[in-house]
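For reference, run.tsv (TSV, C-alpha atoms and all ligand atoms):
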```
chain	number	residue	atom	x	y	z
A	1	GLN	CA	76.62	215.86	12.21
A	2	VAL	CA	75.08	217.69	9.27
A	3	TRP	CA	76.82	219.97	6.76
A	4	ASN	CA	74.95	222.23	4.36
A	5	PRO	CA	71.49	221.26	5.70
A	6	SER	CA	69.65	222.85	2.76
A	7	GLY	CA	71.64	220.89	0.11
A	8	LYS	CA	69.63	219.25	-2.67
A	9	TYR	CA	71.29	215.82	-2.58
A	10	ARG	CA	71.48	213.86	0.63
A	11	VAL	CA	74.79	212.05	1.15
A	12	VAL	CA	75.25	209.94	4.24
A	13	SER	CA	78.59	208.68	5.46
A	14	THR	CA	78.40	205.85	7.95
A	15	LYS	CA	81.73	206.89	9.43
A	16	SER	CA	83.54	210.13	9.93
A	17	MET	CA	86.29	210.18	7.29
A	18	PRO	CA	89.64	212.01	7.59
A	19	GLY	CA	90.15	215.62	6.49
A	20	ASP	CA	87.47	218.02	5.32
A	21	ARG	CA	88.27	218.13	1.61
A	22	TRP	CA	85.68	215.44	0.86
A	23	ILE	CA	83.01	217.39	2.77
A	24	ARG	CA	83.85	220.59	0.89
A	25	LEU	CA	83.70	218.76	-2.42
A	26	LEU	CA	80.18	217.57	-1.69
A	27	THR	CA	78.76	220.67	-0.02
A	28	ASP	CA	80.13	222.91	-2.80
A	29	GLN	CA	78.08	220.80	-5.22
A	30	ASP	CA	74.77	221.25	-3.42
A	31	CYS	CA	74.97	218.13	-1.25
A	32	ARG	CA	73.70	217.90	2.29
A	33	VAL	CA	76.27	215.74	4.08
A	34	GLU	CA	75.30	213.69	7.11
A	35	ILE	CA	78.05	211.98	9.02
A	36	CYS	CA	77.27	209.24	11.47
A	37	THR	CA	79.40	210.30	14.39
A	38	GLU	CA	78.68	207.24	16.51
A	39	GLU	CA	82.09	205.57	16.40
A	40	LYS	CA	80.83	202.04	15.85
A	41	THR	CA	83.21	200.08	13.63
A	42	ILE	CA	80.42	197.87	12.34
A	43	LEU	CA	76.90	199.21	11.90
A	44	SER	CA	74.01	196.75	11.88
A	45	VAL	CA	71.59	196.48	8.98
A	46	ASP	CA	69.00	198.26	11.18
A	47	ASP	CA	71.45	201.07	11.96
A	48	ILE	CA	71.99	201.59	8.24
A	49	LEU	CA	68.30	201.40	7.37
A	50	THR	CA	67.71	204.13	9.94
A	51	LEU	CA	70.46	206.21	8.39
A	52	ILE	CA	69.06	205.85	4.88
A	53	GLY	CA	65.72	207.26	6.04
A	54	ASP	CA	63.57	208.47	3.23
A	55	ARG	CA	66.16	209.62	0.78
A	56	CYS	CA	69.85	209.15	0.35
A	57	ASP	CA	72.49	209.35	-2.38
A	58	GLY	CA	75.57	207.70	-1.04
A	59	LEU	CA	76.99	205.73	1.83
A	60	THR	CA	79.99	203.78	2.98
A	61	GLU	CA	79.50	200.43	4.74
A	62	ASP	CA	79.08	196.67	4.20
A	63	TRP	CA	76.37	196.23	1.65
A	64	GLY	CA	74.09	193.52	0.28
A	65	GLU	CA	70.61	192.85	-1.09
A	66	VAL	CA	68.55	194.24	1.83
A	67	LEU	CA	70.44	197.50	1.99
A	68	PHE	CA	70.64	198.08	-1.74
A	69	SER	CA	66.90	197.56	-2.10
A	70	ALA	CA	66.30	199.98	0.79
A	71	LEU	CA	68.65	202.49	-0.80
A	72	LYS	CA	66.79	202.17	-4.08
A	73	ARG	CA	63.41	202.65	-2.36
A	74	ALA	CA	64.81	205.77	-0.74
A	75	GLY	CA	65.76	207.13	-4.16
A	76	GLY	CA	69.48	206.59	-3.67
A	77	THR	CA	71.69	206.07	-6.68
A	78	SER	CA	75.21	205.62	-5.40
A	79	PHE	CA	77.20	203.54	-2.95
A	80	SER	CA	80.80	204.45	-2.35
A	81	ASN	CA	83.14	202.08	-0.56
A	82	MET	CA	86.07	203.75	1.19
A	83	ALA	CA	88.43	200.89	0.35
A	84	VAL	CA	89.95	199.32	-2.71
A	85	GLY	CA	88.73	195.84	-1.70
A	86	TYR	CA	84.99	195.46	-2.19
A	87	ASN	CA	84.39	191.93	-0.95
A	88	ASN	CA	81.99	193.62	1.52
A	89	VAL	CA	79.77	194.69	-1.38
A	90	ASP	CA	77.38	192.48	-3.31
A	91	VAL	CA	77.97	194.17	-6.67
A	92	SER	CA	75.34	192.07	-8.46
A	93	ALA	CA	72.70	193.19	-5.92
A	94	ALA	CA	73.78	196.79	-6.53
A	95	ASN	CA	73.48	196.26	-10.28
A	96	LYS	CA	70.02	194.75	-9.80
A	97	TYR	CA	68.82	197.89	-8.03
A	98	GLY	CA	70.61	200.27	-10.37
A	99	VAL	CA	72.95	201.58	-7.68
A	100	ALA	CA	76.41	202.62	-8.86
A	101	VAL	CA	79.26	201.24	-6.74
A	102	GLY	CA	82.66	202.90	-6.40
A	103	ASN	CA	85.86	201.94	-4.63
A	104	THR	CA	89.17	203.74	-4.02
A	105	PRO	CA	92.01	202.11	-5.96
A	106	GLY	CA	95.42	203.70	-6.51
A	107	VAL	CA	95.69	206.09	-3.57
A	108	LEU	CA	96.47	203.30	-1.13
A	109	THR	CA	98.85	201.20	-3.21
A	110	GLU	CA	102.15	202.45	-1.78
A	111	THR	CA	100.89	202.80	1.80
A	112	THR	CA	99.56	199.25	1.84
A	113	ALA	CA	102.71	197.86	0.23
A	114	GLU	CA	104.81	199.73	2.80
A	115	LEU	CA	102.89	198.11	5.64
A	116	ALA	CA	103.40	194.67	4.08
A	117	ALA	CA	107.12	195.47	3.82
A	118	ALA	CA	107.15	196.66	7.43
A	119	LEU	CA	105.44	193.46	8.59
A	120	SER	CA	107.93	191.39	6.59
A	121	LEU	CA	110.85	193.09	8.28
A	122	THR	CA	109.26	193.15	11.72
A	123	ALA	CA	108.50	189.43	11.60
A	124	ALA	CA	111.83	188.46	10.03
A	125	ARG	CA	113.83	190.41	12.61
A	126	ARG	CA	111.55	189.60	15.57
A	127	ILE	CA	111.16	193.26	16.41
A	128	VAL	CA	107.93	192.98	18.42
A	129	GLU	CA	109.28	190.16	20.56
A	130	ALA	CA	112.46	192.14	21.18
A	131	ASP	CA	110.49	195.28	22.05
A	132	GLN	CA	108.36	193.37	24.56
A	133	PHE	CA	111.51	191.85	26.07
A	134	MET	CA	113.02	195.30	26.59
A	135	ARG	CA	109.86	196.71	28.14
A	136	ALA	CA	109.63	193.76	30.48
A	137	GLY	CA	113.06	194.76	31.83
A	138	LEU	CA	114.60	191.46	30.73
A	139	TYR	CA	117.59	192.83	28.82
A	140	ASP	CA	120.74	191.85	30.64
A	141	GLY	CA	123.33	192.77	28.03
A	142	TRP	CA	124.34	191.74	24.50
A	143	LEU	CA	124.28	188.04	23.72
A	144	PRO	CA	125.17	186.32	20.44
A	145	HIS	CA	121.88	184.45	20.23
A	146	LEU	CA	119.48	187.14	21.40
A	147	PHE	CA	116.56	187.47	18.97
A	148	VAL	CA	118.38	186.09	16.00
A	149	GLY	CA	116.16	186.42	12.93
A	150	ASN	CA	116.46	186.23	9.14
A	151	LEU	CA	118.59	188.41	6.87
A	152	LEU	CA	116.44	189.41	3.90
A	153	LYS	CA	119.22	190.30	1.47
A	154	GLY	CA	119.76	187.49	-1.01
A	155	GLN	CA	116.72	185.57	0.23
A	156	THR	CA	113.69	185.02	-1.96
A	157	VAL	CA	110.50	187.01	-1.60
A	158	GLY	CA	107.33	185.32	-2.83
A	159	VAL	CA	104.40	187.43	-3.95
A	160	ILE	CA	100.98	185.88	-4.42
A	161	GLY	CA	98.67	188.27	-6.25
A	162	ALA	CA	100.63	190.51	-8.57
A	163	GLY	CA	98.32	193.49	-8.98
A	164	ARG	CA	99.00	197.08	-8.00
A	165	ILE	CA	99.84	196.44	-4.34
A	166	GLY	CA	101.70	193.15	-4.90
A	167	SER	CA	103.85	194.83	-7.57
A	168	ALA	CA	104.67	197.83	-5.35
A	169	TYR	CA	105.59	195.48	-2.51
A	170	ALA	CA	107.83	193.43	-4.85
A	171	ARG	CA	109.57	196.61	-5.96
A	172	MET	CA	110.22	197.62	-2.34
A	173	MET	CA	111.64	194.23	-1.42
A	174	ILE	CA	113.84	194.01	-4.52
A	175	GLU	CA	115.10	197.58	-4.49
A	176	GLY	CA	115.22	198.00	-0.74
A	177	PHE	CA	116.52	194.64	0.38
A	178	LYS	CA	117.88	193.05	-2.80
A	179	MET	CA	115.72	190.02	-2.50
A	180	ASN	CA	115.13	187.61	-5.36
A	181	LEU	CA	111.54	187.40	-6.51
A	182	ILE	CA	109.18	184.57	-7.28
A	183	TYR	CA	105.55	185.41	-7.87
A	184	TYR	CA	102.26	183.87	-8.79
A	185	ASP	CA	99.08	185.51	-9.91
A	186	LEU	CA	95.73	183.83	-10.26
A	187	TYR	CA	94.45	186.19	-12.92
A	188	GLN	CA	96.97	188.54	-14.44
A	189	ALA	CA	100.54	187.92	-15.35
A	190	THR	CA	101.56	191.09	-17.00
A	191	ARG	CA	101.65	193.92	-14.48
A	192	LEU	CA	104.44	192.66	-12.26
A	193	GLU	CA	106.15	190.92	-15.16
A	194	LYS	CA	106.42	194.16	-17.12
A	195	PHE	CA	107.63	195.92	-14.05
A	196	VAL	CA	110.39	193.49	-13.08
A	197	THR	CA	111.50	193.03	-16.66
A	198	GLY	CA	111.87	196.77	-16.97
A	199	MET	CA	113.57	197.19	-13.65
A	200	LEU	CA	116.01	194.33	-13.78
A	201	SER	CA	117.01	194.21	-17.40
A	202	SER	CA	117.19	197.85	-18.39
A	203	PRO	CA	120.74	199.21	-18.25
A	204	PHE	CA	119.20	202.59	-17.44
A	205	THR	CA	117.66	201.68	-14.10
A	206	SER	CA	119.59	202.87	-11.11
A	207	TYR	CA	119.36	199.39	-9.72
A	208	GLY	CA	121.13	197.80	-12.70
A	209	GLN	CA	123.93	200.34	-12.51
A	210	PHE	CA	124.22	199.92	-8.78
A	211	LEU	CA	124.74	196.20	-9.17
A	212	GLN	CA	127.48	196.70	-11.75
A	213	VAL	CA	129.31	199.33	-9.74
A	214	ASN	CA	129.38	197.23	-6.65
A	215	GLY	CA	129.86	193.90	-8.38
A	216	GLU	CA	126.98	192.34	-6.47
A	217	GLN	CA	125.02	189.26	-7.44
A	218	PRO	CA	122.15	190.34	-9.67
A	219	VAL	CA	118.67	189.85	-8.31
A	220	THR	CA	116.71	187.11	-10.04
A	221	TRP	CA	112.99	186.92	-10.67
A	222	LYS	CA	110.56	184.42	-12.03
A	223	ARG	CA	106.88	183.85	-12.46
A	224	ALA	CA	105.95	180.57	-10.82
A	225	ALA	CA	103.90	178.01	-12.70
A	226	THR	CA	101.99	177.15	-9.54
A	227	MET	CA	101.33	178.79	-6.23
A	228	GLU	CA	102.92	175.78	-4.54
A	229	ASP	CA	106.23	176.69	-6.21
A	230	VAL	CA	106.14	180.06	-4.46
A	231	LEU	CA	105.26	178.50	-1.13
A	232	ARG	CA	108.06	175.95	-1.42
A	233	GLU	CA	110.81	178.32	-2.60
A	234	ALA	CA	110.23	181.66	-0.90
A	235	ASP	CA	111.66	182.76	2.43
A	236	VAL	CA	109.21	185.63	2.81
A	237	ILE	CA	105.74	185.29	1.30
A	238	SER	CA	103.31	188.17	1.00
A	239	LEU	CA	99.66	187.67	0.05
A	240	HIS	CA	97.97	190.22	-2.22
A	241	PRO	CA	95.01	188.55	-3.91
A	242	VAL	CA	91.46	189.86	-3.89
A	243	LEU	CA	89.11	187.89	-1.66
A	244	ASP	CA	86.56	185.86	-3.58
A	245	LYS	CA	85.39	182.25	-3.69
A	246	THR	CA	88.61	181.12	-5.32
A	247	THR	CA	90.90	182.70	-2.73
A	248	TYR	CA	88.95	181.82	0.42
A	249	HIS	CA	91.36	179.77	2.59
A	250	LEU	CA	93.95	179.90	-0.17
A	251	ILE	CA	96.51	179.28	2.56
A	252	ASN	CA	95.32	176.18	4.37
A	253	LYS	CA	96.91	173.44	6.48
A	254	GLU	CA	98.37	171.60	3.48
A	255	ARG	CA	99.86	174.71	1.93
A	256	LEU	CA	101.30	175.90	5.24
A	257	GLY	CA	102.92	172.48	5.43
A	258	ILE	CA	104.93	172.97	2.25
A	259	MET	CA	106.41	176.33	3.29
A	260	LYS	CA	109.92	176.50	4.71
A	261	LYS	CA	110.06	175.94	8.47
A	262	GLU	CA	111.61	179.41	8.94
A	263	ALA	CA	109.49	181.23	6.38
A	264	VAL	CA	107.79	184.54	7.05
A	265	LEU	CA	104.17	184.85	5.89
A	266	VAL	CA	102.58	188.29	5.55
A	267	ASN	CA	98.93	189.13	4.92
A	268	ALA	CA	97.72	192.68	4.30
A	269	SER	CA	94.99	191.62	1.86
A	270	ARG	CA	91.91	190.03	3.44
A	271	GLY	CA	91.76	187.76	6.49
A	272	PRO	CA	89.77	184.84	5.05
A	273	VAL	CA	92.52	184.24	2.49
A	274	ILE	CA	94.21	182.33	5.33
A	275	ASP	CA	92.60	179.51	7.32
A	276	GLU	CA	93.48	181.23	10.58
A	277	ALA	CA	92.75	178.24	12.84
A	278	ALA	CA	95.18	176.15	10.77
A	279	LEU	CA	97.70	179.00	10.96
A	280	VAL	CA	97.53	179.05	14.77
A	281	GLU	CA	98.29	175.32	14.87
A	282	HIS	CA	101.14	175.81	12.41
A	283	LEU	CA	102.63	178.64	14.49
A	284	LYS	CA	102.46	176.50	17.61
A	285	ALA	CA	104.18	173.55	15.94
A	286	ASN	CA	106.83	175.66	14.16
A	287	PRO	CA	108.27	178.32	16.47
A	288	MET	CA	110.66	179.62	13.81
A	289	PHE	CA	107.86	180.14	11.28
A	290	ARG	CA	106.71	183.75	11.56
A	291	VAL	CA	103.71	185.66	10.43
A	292	GLY	CA	102.80	189.34	10.05
A	293	LEU	CA	99.05	189.96	9.89
A	294	ASP	CA	97.13	193.15	9.21
A	295	VAL	CA	93.83	191.36	8.57
A	296	PHE	CA	91.94	188.53	10.27
A	297	GLU	CA	89.39	185.95	9.33
A	298	ASP	CA	86.68	187.16	11.74
A	299	GLU	CA	87.64	190.79	12.14
A	300	PRO	CA	87.79	192.38	14.67
A	301	LEU	CA	88.42	189.07	16.44
A	302	MET	CA	91.48	186.86	16.25
A	303	LYS	CA	91.11	183.08	16.28
A	304	PRO	CA	91.75	181.60	19.73
A	305	GLY	CA	95.41	181.14	20.46
A	306	LEU	CA	96.75	183.62	17.92
A	307	SER	CA	97.46	186.43	20.34
A	308	GLU	CA	99.58	184.12	22.51
A	309	GLN	CA	101.93	183.21	19.66
A	310	LYS	CA	105.24	185.05	19.95
A	311	ASN	CA	105.98	184.27	16.31
A	312	ALA	CA	102.99	186.34	15.18
A	313	VAL	CA	103.01	190.10	14.63
A	314	VAL	CA	99.45	191.42	14.54
A	315	VAL	CA	98.18	194.91	13.72
A	316	PRO	CA	94.57	196.14	13.39
A	317	HIS	CA	93.93	196.53	9.61
A	318	ILE	CA	96.10	199.65	9.29
A	319	ALA	CA	97.69	198.96	5.90
A	320	SER	CA	96.20	202.06	4.28
A	321	ALA	CA	96.50	204.18	7.42
A	322	SER	CA	98.70	207.07	6.36
A	323	LYS	CA	97.26	210.57	6.59
A	324	TRP	CA	97.76	211.27	2.89
A	325	THR	CA	96.20	207.99	1.85
A	326	ARG	CA	93.17	208.14	4.11
A	327	GLU	CA	92.39	211.69	2.98
A	328	GLY	CA	92.83	210.52	-0.61
A	329	MET	CA	90.47	207.61	-0.05
A	330	ALA	CA	87.84	209.90	1.47
A	331	THR	CA	88.18	212.32	-1.44
A	332	LEU	CA	87.88	209.54	-3.99
A	333	ALA	CA	84.86	208.10	-2.17
A	334	ALA	CA	83.18	211.53	-2.28
A	335	LEU	CA	84.06	211.99	-5.96
A	336	ASN	CA	82.46	208.64	-6.73
A	337	VAL	CA	79.18	209.74	-5.10
A	338	LEU	CA	79.33	213.11	-6.79
A	339	GLY	CA	80.04	211.52	-10.16
A	340	THR	CA	76.87	209.47	-9.91
A	341	ILE	CA	74.75	212.42	-8.84
A	342	LYS	CA	76.14	214.61	-11.62
A	343	GLY	CA	76.20	211.86	-14.23
A	344	TYR	CA	79.97	211.42	-14.57
A	345	PRO	CA	81.47	207.94	-14.68
A	346	VAL	CA	82.30	206.53	-11.25
A	347	LEU	CA	86.09	206.58	-10.85
A	348	GLY	CA	86.68	203.33	-9.07
A	349	ASP	CA	83.75	201.40	-10.49
A	350	PRO	CA	84.47	197.74	-9.69
A	351	ASN	CA	82.30	196.69	-12.63
A	352	SER	CA	84.77	198.23	-15.01
B	401	LIG	C1	91.10	198.45	1.38
B	401	LIG	O1	91.17	199.55	0.83
B	401	LIG	O2	90.61	197.49	0.83
B	401	LIG	C2	91.68	198.36	2.73
B	401	LIG	O3	91.54	197.14	3.32
B	401	LIG	C3	91.21	199.47	3.62
B	401	LIG	O4	92.35	199.86	4.26
```
Could you render the structure from this file as structure tokens?
Amino acid sequence: QVWNPSGKYRVVSTKSMPGDRWIRLLTDQDCRVEICTEEKTILSVDDILTLIGDRCDGLTEDWGEVLFSALKRAGGTSFSNMAVGYNNVDVSAANKYGVAVGNTPGVLTETTAELAAALSLTAARRIVEADQFMRAGLYDGWLPHLFVGNLLKGQTVGVIGAGRIGSAYARMMIEGFKMNLIYYDLYQATRLEKFVTGMLSSPFTSYGQFLQVNGEQPVTWKRAATMEDVLREADVISLHPVLDKTTYHLINKERLGIMKKEAVLVNASRGPVIDEAALVEHLKANPMFRVGLDVFEDEPLMKPGLSEQKNAVVVPHIASASKWTREGMATLAALNVLGTIKGYPVLGDPNS
């Protein structure tokens, strides 16, 4: 599909992106926009080389050395990733070929955190199992032990990776469910720390007043000295680190072993953060341990045995899938390409 065929700058999108605002933005600025309408989730290197053709100024897909050099040869200057995570992009290869790289932070923070919260609740309260039970016509009437799960209020939520999304998730779990917080961050301490300090100690926050009025136990929070402290103490653990060499298989057999037997583990970050084969074994051995997964180690596949585990809730990488967010991501991705063409700084430049 081609928009504004006579446009000066050629912008190729490897997928059709939601809304038309991003197309308007580009075509209004003299871009010819080509959208690959073949609904393949993963394009091969050859597919992308064909798309680049002889000239191209921006794309969205998994990128490394071969593709960046081809983009450079074709006169391309910009690569825009429609995601905040850019583990699919070899940024040093892009730098080598002088191609600017952009990502889409910010617009998906709340949506992604909401999905992590939804997975936490769904796994803790066994909602998918209960739904399947109903649909199978197995409900025979109320029973005291039917799908008994965990009450979140007063339990401890553990957050690993306290950046934008981890902080928003922590806020939801504290404010929404009055959970205590323990968190650990590999790189930055301050974002979530500032946030919880402000929220829990200021007499002006609605939460502080609410606690006083109702005479409830105040929520506690602490930054853990080690990740193991979080794994040991938390009842619900949500993973929000970036994926890099240091976080690959961050959750492995040993670390699964130190979590509570009835803990809930949620991952809406990147699949390889968990050793999924070890997780499957852990789920089999610990039926009360539950997991909520939005991402998988070998996406789009699940490791053998995972789909049979009743204590696993699995969804297909939909954390940022709200209409508002996806349109925002597409707009930001287009702005990043446009910025490079017009010489403005790239908004979500992961080098910055
Ligand atoms: C991201 O932005 O990194 C997400 O995984 C896409 O939803």
Near-ligand residues for ligand LIG 401 (chain B), threshold 10 Å, all atoms listed in the file, as a PyMOL selection string: chain A and resi 81-88+103-109+111-112+242+268-271+294-295+317-322+325-326+329
Residue among A:Ser238, A:Asn336, A:Thr220, A:Gln309 lying closest to A:Leu265, counting only C-alpha atoms: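 Under the stated criterion, the closest residue is A:Ser238.
Note that the spacing between atom CA of A:Arg223 and atom CA of A:Arg126 amounts to 29.0 Å.
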Could you work out how far atom CA of A:Val12 lies from atom CA of A:Glu34, giving the answer in Å with one decimal?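 Separation between atom CA of A:Glu34 and atom CA of A:Val12: 4.7 Å.
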Using only C-alpha atoms, which residues sit within 6 Å of A:Ile35 once same-chain residues fewer than 2 positions away are excluded, as a ChimeraX atom specification? /A:1,12-13,16,37
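Ranking A:Lys260, A:Lys253, A:Lys8, A:Lys222 by their shortest atom-to-atom distance to A:Ala234, with all atoms listed in the file included, puts A:Lys260 first.
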